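Read through the structure below, which is laid out as structure tokens, and then see the notes.
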Amino acid sequence: MDRALDLTAALGRAAIATLRGTGAIALFAVEAISHLFRPPFYGRLFLRAFIEIAWFSLPVVALTAVFTGMVLALQSYTGFARFNAEGAVANVVVLSITRELGPVLAGLMVAGRIGAAFAAEIGTMRVTDQIDALNTLSTNPMKYLVAPRLLAGTIAMPLLVVIADILGVMGGWLIGTQQLGFASGAYLKATFDFLQAWDVISGLIKAAVFGFVVTLMGCWCGYTSGGGAQGVGRATTSAVVSSSILILALDYVLTAMMFTR
Amino acid sequence: MSGAGAPPRAEGATPKIRLRGLAKSFGPKLVLDGVDLDIRAGHSMVILGGSGSGKSVTIKCILGLITPDAGTIEIDGRDLSKLTRREREAVNDRIGMLFQNGALFDSLPVWENVCFKLLAQNRITRRAARDKAAEVLAQVGLAASVGDLYPSELSGGMQKRVGLARAIAAEPDIIFFDEPTTGLDPIMGAVIDGLIVDCVKRLGATAVSITHDMASARRIGDDAAMIHRGRIVWTGAAATLGETGNAMVDQFARGEREGPIQMELRK
Ligand SMILES: Nc1ncnc2c1ncn2[C@@H]1O[C@H](COP(=O)(O)OP(=O)(O)O)[C@@H](O)[C@H]1O
Ligand SMILES: [Mg+2]
């Protein structure tokens with residue numbers, strides 16, 4: 001009986017801690033967003049964050065997309081050959097990439113790069129008093145550090161995913177034409193014939209949400225970090241882990257919202 | 001201007017900063033336990049105390065970086081907790097701070113660090129800021145070419161100077177120095193003390209310095225206060241340090257192991 005009560009109490013504590021954490025992060029996000037509508041605006045910092053996210057993540061995201069497209073083509077070809085549906089390869093590749101794998105894989109890549117980088121950078125600023133210093137220098141750290149990064153992440157991710165979509169389809173086309181014996185024109189025609197605007201747009205909406213979540217978790221973990229170098233290390237890890245999990249969970253939620261009628 | 005325990009009452013004039021009953025705990029740990037302190041306008045106050053005695057926390061409370069659990073903080077006779085957010089920002093605009101470890105922005109070159117507040121307040125263009133930075137750097141004995149370096153390229157003494165330059169660039173009324181000479185060699189420490197005295201005098205500012213270096217305290221301070229176990233246990237003239245007649249202060253000043261202050265090796 002006592003043990004059952006202990007267990008219930010532990011569960012309750014965990015639930016309360018989770019709720020409290022979620023609430024704190026939500027308030028953090030709301031405050032950061034509100035700064036996007038109140039001057040001063042830090043265009044220079046937005047640009048720097050944007051280039052950091054969009055330009056410097058391009059190589060990893062591009063590689064991921066190309067290989068994913070190639071693997072998809074191979075796998076679906078060998079799989080579909082079992083029931084004589086090889087013709088569907090082009091459609092499977094483009095739908096999987098635009099609706100699902102483009103945004104999710106790009107999101108996970110960016111979570112590793114940007115979530116970690118932001119958490120480490122802001123966390124270091126926290127433990128070396130640089131965030132306090134901002135306050136004493138007439139600068140709101142939420143406005144200066146967090147708001148530009150959130151905006152940059154939300155805008156940069158869809159652009160990255162557009163490129164990932166194109167490269168993913170190209171990867172599939174490469175394998176399709178070079179190895180699986182499709183004619184180039186026929187493969188491309190099959191790709192675009194059944195593709196709808198919503199397939200792409202839904203992926204870009206996901207991308208924007210993932211970009212927001214990755215930068216939010218990176219900033220939050222860094223901003224609330226403590227305990228010296230070890231604290232910054234912990235902040236970096238939890239930024240990557242939490243944003244990766246959130247991406248996968250939100251991917252399900254968003255898919256359910258956008259595709260079940 | 002002496003006496004154990006009782007906070008100094010600045011005769012007649014309102015003190016620049018007045019703390020009453022300031023208390024702060026972190027979890028179960030009581031750090032400030034009713035700090036009472038008056039800091040006279042245009043004077044230099046040094047706060048003494050052992051490591052972890054709450055000196056930095058006191059300053060961070062005054063700056064609004066930490067919210068105290070109880071007590072009042074008045075600047076120019078105005079209770080800070082009663083100010084609106086905007087009024088509070090206006091008060092902070094007139095305060096400069098040199099952090100314990102410099103807290104320079106390592107993503108920005110030195111000139112941008114120095115003119116950060118002026119740029120943030122749009123009091124200066126980015127173009128003019130370089131010249132202004134050179135001017136302020138000269139006041140702390142650094143060449144203009146230092147402006148183009150990044151903080152990580154500077155030695156400890158240079159970082160302190162840049163931190164000092166950043167604290168004074170916007171010509172504040174009140175300046176806080178958190179352990180300005182800790183970690184420097186004695187000569188560089190004396191040089192930094194000299195710069196602090198010069199800068200404070202030139203600005204006519206009220207200065208509050210934290211230190212546990214007695215030589216430094218005597219050089220910088222007009223008044224001194226000692227904090228122990230979260231309370232101010234002594235205030236008096238900085239010049240008398242070492243022969244104050246207060247057992248705790250004298251023990252601290254002479255660095256003796258035996259005395260009323262017992263180091264807590266475990267909490
Ligand atoms: N943000 C914080 N969270 C928890 N504990 C803190 C925090 N800031 C300071 N402390 C604790 O308060 C005590 C006093 O700190 P501080 O004022 O920095 O000491 P010092 O007098 O050396 O400047 C220390 O024991 C420190 O661990
Ligand atoms: Mg300190």
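Here's how to read the names in the structure tokens: chain A, B, ... by the order shown, residue numbers from 1 in each chain, ligand numbers from 1 in the order shown.
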Around ligand 2, at most 7 Å away and counting only C-alpha atoms and all ligand atoms, which residues are there? Put them as a ChimeraX atom specification, please.
/B:51-52,55-56,100,178-179
### Query
Which residues of chain A are close to chain B, meaning at most 9 Å apart when you count only C-alpha atoms, and how do they look as a PyMOL selection string?
chain A and resi 40+125+128-139
What residues have any atom no more than 9 Å from ligand 1 when counting only C-alpha atoms and all ligand atoms, and can you list them as an NGL selection string?
(:A and (226)) or (:B and (24-27 or 29-32 or 48-60 or 66 or 100 or 178-179 or 210-211 or 227 or 230))
I need the residues from that last selection saved to file as a PDB file, in the first residue's frame (with C-alpha atoms), if you can.
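again-v7.pdb was written with the following content:
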```
ATOM      1  CA  GLY A 226      24.294  26.969 -14.711  1.00  0.00           C
TER       2      GLY A 226
ATOM      3  CA  LYS B  24      18.219  36.530  -0.153  1.00  0.00           C
ATOM      4  CA  SER B  25      18.365  32.750   0.019  1.00  0.00           C
ATOM      5  CA  PHE B  26      19.143  30.265  -2.709  1.00  0.00           C
ATOM      6  CA  GLY B  27      17.097  27.218  -1.811  1.00  0.00           C
ATOM      7  CA  LYS B  29      21.067  28.492   1.722  1.00  0.00           C
ATOM      8  CA  LEU B  30      20.743  31.886   3.381  1.00  0.00           C
ATOM      9  CA  VAL B  31      23.160  34.240   1.637  1.00  0.00           C
ATOM     10  CA  LEU B  32      21.981  37.716   2.675  1.00  0.00           C
ATOM     11  CA  LEU B  48      34.950  43.549   2.229  1.00  0.00           C
ATOM     12  CA  GLY B  49      34.184  39.969   3.025  1.00  0.00           C
ATOM     13  CA  GLY B  50      35.325  36.412   2.555  1.00  0.00           C
ATOM     14  CA  SER B  51      34.635  34.389  -0.567  1.00  0.00           C
ATOM     15  CA  GLY B  52      31.021  33.351  -0.793  1.00  0.00           C
ATOM     16  CA  SER B  53      29.879  35.875   1.815  1.00  0.00           C
ATOM     17  CA  GLY B  54      27.353  37.397  -0.586  1.00  0.00           C
ATOM     18  CA  LYS B  55      29.207  40.454  -1.868  1.00  0.00           C
ATOM     19  CA  SER B  56      28.421  39.800  -5.515  1.00  0.00           C
ATOM     20  CA  VAL B  57      24.832  38.888  -4.684  1.00  0.00           C
ATOM     21  CA  THR B  58      24.412  42.250  -2.904  1.00  0.00           C
ATOM     22  CA  ILE B  59      25.552  44.135  -5.995  1.00  0.00           C
ATOM     23  CA  LYS B  60      23.433  41.994  -8.300  1.00  0.00           C
ATOM     24  CA  ILE B  66      18.676  39.124  -8.643  1.00  0.00           C
ATOM     25  CA  GLN B 100      34.313  39.855 -11.526  1.00  0.00           C
ATOM     26  CA  ASP B 178      33.421  43.408  -8.505  1.00  0.00           C
ATOM     27  CA  GLU B 179      36.877  42.266  -7.411  1.00  0.00           C
ATOM     28  CA  ILE B 210      34.112  44.624  -3.796  1.00  0.00           C
ATOM     29  CA  THR B 211      37.483  43.372  -2.749  1.00  0.00           C
ATOM     30  CA  ILE B 227      30.003  41.706   5.300  1.00  0.00           C
ATOM     31  CA  GLY B 230      24.940  37.831   5.310  1.00  0.00           C
TER      32      GLY B 230
END
```
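The coordinates place CA of Val71 in chain A at 28.5 Å from CA of Ile155 in chain A.
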Exercise. Considering only C-alpha atoms, return as a VMD selection string whatever protein or nucleic-acid residues lie within 7 Å of Asp148 in chain B, sequence-local ones (same chain, fewer than 3 positions apart) excluded.
Key: chain B and resid 109 to 111 145
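With only C-alpha atoms as the atoms that count, the minimum distance from Ile201 in chain A to the choices A:His35, A:Arg99, A:Arg48, A:Arg82 is reached by A:Arg99.
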Near-Met248 in chain B list (9 Å; only C-alpha atoms; drop same-chain fewer than 5 positions) as a PyMOL selection string = chain B and resi 226+228+233-234+253+259-261
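Candidate residues B:Val35, B:Ile175, B:Leu142, B:Ala129 were compared for distance to Val208 in chain B, and the nearest is B:Ile175, using only C-alpha atoms.
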Q.
Could you go through range 62-195 of chain B and tell me which residues DSSP, when run on the backbone, assigns to alpha helix (DSSP H), listing them as a PyMOL selection string?
A. chain B and resi 62-63+85-93+110-114+116-120+126-139+156-168+186-195
Would you save the residues from that selection as a PDB file, in the first residue's frame, using C-alpha atoms?
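Below is the file selection.pdb, written as the result:
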```
ATOM      1  CA  ILE B  62      21.083  46.551  -6.551  1.00  0.00           C
ATOM      2  CA  LEU B  63      21.448  46.080 -10.313  1.00  0.00           C
ATOM      3  CA  ARG B  85       9.874  48.878 -15.705  1.00  0.00           C
ATOM      4  CA  ARG B  86      10.776  51.930 -17.748  1.00  0.00           C
ATOM      5  CA  GLU B  87      11.824  53.991 -14.715  1.00  0.00           C
ATOM      6  CA  ARG B  88      13.892  51.078 -13.535  1.00  0.00           C
ATOM      7  CA  GLU B  89      15.623  50.931 -16.927  1.00  0.00           C
ATOM      8  CA  ALA B  90      16.298  54.656 -16.713  1.00  0.00           C
ATOM      9  CA  VAL B  91      17.986  54.119 -13.335  1.00  0.00           C
ATOM     10  CA  ASN B  92      20.055  51.259 -14.749  1.00  0.00           C
ATOM     11  CA  ASP B  93      21.088  53.425 -17.678  1.00  0.00           C
ATOM     12  CA  VAL B 110      36.983  45.256 -28.130  1.00  0.00           C
ATOM     13  CA  TRP B 111      35.764  48.532 -29.626  1.00  0.00           C
ATOM     14  CA  GLU B 112      32.211  47.214 -29.849  1.00  0.00           C
ATOM     15  CA  ASN B 113      32.426  45.942 -26.280  1.00  0.00           C
ATOM     16  CA  VAL B 114      33.550  49.347 -25.052  1.00  0.00           C
ATOM     17  CA  PHE B 116      28.151  48.632 -26.409  1.00  0.00           C
ATOM     18  CA  LYS B 117      25.900  50.751 -24.203  1.00  0.00           C
ATOM     19  CA  LEU B 118      26.267  53.893 -26.307  1.00  0.00           C
ATOM     20  CA  LEU B 119      25.382  51.861 -29.408  1.00  0.00           C
ATOM     21  CA  ALA B 120      22.477  50.169 -27.637  1.00  0.00           C
ATOM     22  CA  ARG B 126      28.867  52.655 -35.434  1.00  0.00           C
ATOM     23  CA  ARG B 127      31.326  54.802 -37.350  1.00  0.00           C
ATOM     24  CA  ALA B 128      31.791  57.234 -34.474  1.00  0.00           C
ATOM     25  CA  ALA B 129      31.984  54.363 -31.998  1.00  0.00           C
ATOM     26  CA  ARG B 130      35.464  53.333 -33.139  1.00  0.00           C
ATOM     27  CA  ASP B 131      36.856  56.775 -32.373  1.00  0.00           C
ATOM     28  CA  LYS B 132      34.988  56.934 -29.092  1.00  0.00           C
ATOM     29  CA  ALA B 133      36.348  53.507 -28.153  1.00  0.00           C
ATOM     30  CA  ALA B 134      39.887  54.645 -28.884  1.00  0.00           C
ATOM     31  CA  GLU B 135      39.325  57.663 -26.655  1.00  0.00           C
ATOM     32  CA  VAL B 136      38.004  55.588 -23.744  1.00  0.00           C
ATOM     33  CA  LEU B 137      40.699  52.940 -24.208  1.00  0.00           C
ATOM     34  CA  ALA B 138      43.303  55.679 -23.914  1.00  0.00           C
ATOM     35  CA  GLN B 139      41.806  56.636 -20.543  1.00  0.00           C
ATOM     36  CA  GLY B 156      43.959  39.230 -17.834  1.00  0.00           C
ATOM     37  CA  GLY B 157      45.109  42.759 -17.046  1.00  0.00           C
ATOM     38  CA  MET B 158      44.046  44.025 -20.449  1.00  0.00           C
ATOM     39  CA  GLN B 159      40.648  42.368 -20.058  1.00  0.00           C
ATOM     40  CA  LYS B 160      40.146  44.208 -16.770  1.00  0.00           C
ATOM     41  CA  ARG B 161      41.067  47.457 -18.452  1.00  0.00           C
ATOM     42  CA  VAL B 162      38.634  46.813 -21.292  1.00  0.00           C
ATOM     43  CA  GLY B 163      35.967  45.899 -18.746  1.00  0.00           C
ATOM     44  CA  LEU B 164      36.698  49.147 -16.952  1.00  0.00           C
ATOM     45  CA  ALA B 165      36.524  51.054 -20.232  1.00  0.00           C
ATOM     46  CA  ARG B 166      33.145  49.462 -20.981  1.00  0.00           C
ATOM     47  CA  ALA B 167      31.866  50.357 -17.502  1.00  0.00           C
ATOM     48  CA  ILE B 168      32.811  54.041 -17.811  1.00  0.00           C
ATOM     49  CA  PRO B 186      50.316  43.140  -7.365  1.00  0.00           C
ATOM     50  CA  ILE B 187      51.748  45.782  -9.696  1.00  0.00           C
ATOM     51  CA  MET B 188      48.960  45.395 -12.257  1.00  0.00           C
ATOM     52  CA  GLY B 189      46.506  45.429  -9.339  1.00  0.00           C
ATOM     53  CA  ALA B 190      47.880  48.767  -8.189  1.00  0.00           C
ATOM     54  CA  VAL B 191      47.698  50.105 -11.742  1.00  0.00           C
ATOM     55  CA  ILE B 192      44.054  49.076 -12.078  1.00  0.00           C
ATOM     56  CA  ASP B 193      43.278  50.633  -8.671  1.00  0.00           C
ATOM     57  CA  GLY B 194      44.868  53.851  -9.868  1.00  0.00           C
ATOM     58  CA  LEU B 195      42.778  53.798 -13.049  1.00  0.00           C
TER      59      LEU B 195
END
```
- Item | Nearby residues (only C-alpha atoms) at most 10 Å from Met170 in chain A, same-chain spacing under 4 positions excluded, as a PyMOL selection string | chain A and resi 65-67+69-70+93-94+164-166+174-176+188
* Asked: Using only C-alpha atoms, which residues sit within 9 Å of Leu72 in chain A once same-chain residues fewer than 5 positions away are excluded, as a PyMOL selection string?
  -> chain A and resi 67+77+89+92-93+96-97+171-172
Give me a file of those residues, with N, CA and C atoms, as a tab-separated table (two decimals), in the first residue's frame.
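Ended up saving to selection.tsv:
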```tsv
chain	number	residue	atom	x	y	z
A	67	PHE	N	21.57	11.38	-50.15
A	67	PHE	CA	21.69	9.96	-49.82
A	67	PHE	C	20.33	9.35	-49.48
A	77	TYR	N	12.43	0.30	-54.91
A	77	TYR	CA	12.50	-0.50	-56.14
A	77	TYR	C	12.51	-1.99	-55.82
A	89	VAL	N	8.22	3.98	-58.03
A	89	VAL	CA	9.41	4.45	-57.32
A	89	VAL	C	9.49	5.97	-57.28
A	92	VAL	N	6.99	7.45	-54.86
A	92	VAL	CA	7.32	7.18	-53.46
A	92	VAL	C	8.44	8.09	-53.00
A	93	VAL	N	9.45	8.22	-53.85
A	93	VAL	CA	10.59	9.06	-53.47
A	93	VAL	C	10.13	10.49	-53.22
A	96	SER	N	7.75	10.82	-50.09
A	96	SER	CA	8.41	10.59	-48.82
A	96	SER	C	9.32	11.77	-48.47
A	97	ILE	N	10.03	12.24	-49.48
A	97	ILE	CA	10.96	13.33	-49.21
A	97	ILE	C	10.22	14.61	-48.83
A	171	GLY	N	18.57	12.80	-55.95
A	171	GLY	CA	19.24	11.56	-55.55
A	171	GLY	C	18.48	10.34	-56.04
A	172	GLY	N	17.15	10.39	-55.89
A	172	GLY	CA	16.33	9.29	-56.39
A	172	GLY	C	16.43	9.16	-57.90
```
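Note that the spacing between CA of Ala239 in chain B and CA of Cys199 in chain B amounts to 20.1 Å.
Coordinates place CA of Ala23 in chain B at a distance of 19.5 Å from CA of Leu83 in chain B.
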Using only C-alpha atoms, the residue out of A:Ala156, A:Ala9, A:Ile245, A:Ile163 with shortest distance to Ala208 in chain A is A:Ala156
Within 10 Å of range 253-261 of chain A, which residues of range 132-205 of chain A come that close, and what is the closest atom pair and distance in Å for each? Count only C-alpha atoms and give it as CSV.
```
residue,atom,partner,partner_atom,distance
A:Trp198,CA,A:Met258,CA,9.5
A:Asp199,CA,A:Phe259,CA,9.7
A:Ser202,CA,A:Met258,CA,7.2
A:Gly203,CA,A:Thr255,CA,9.3
A:Ile205,CA,A:Leu254,CA,8.9
```
Output N, CA and C atoms of each residue in that selection to a file, as a compact mmCIF listing (two decimals), in the first residue's frame.
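See result_10.txt below for the written result:
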```
# COMPACT_ATOMS: atom_id res chain seq x y z
N TRP A 198 0.21 20.79 -51.89
CA TRP A 198 0.07 20.58 -50.45
C TRP A 198 1.15 19.65 -49.89
N ASP A 199 1.59 18.70 -50.72
CA ASP A 199 2.65 17.79 -50.26
C ASP A 199 3.88 18.59 -49.87
N SER A 202 2.97 21.32 -46.89
CA SER A 202 2.85 20.73 -45.55
C SER A 202 4.24 20.46 -44.99
N GLY A 203 5.17 20.01 -45.86
CA GLY A 203 6.53 19.77 -45.41
C GLY A 203 7.21 21.05 -44.96
N ILE A 205 5.68 23.71 -43.76
CA ILE A 205 5.10 24.12 -42.48
C ILE A 205 5.78 23.36 -41.34
```
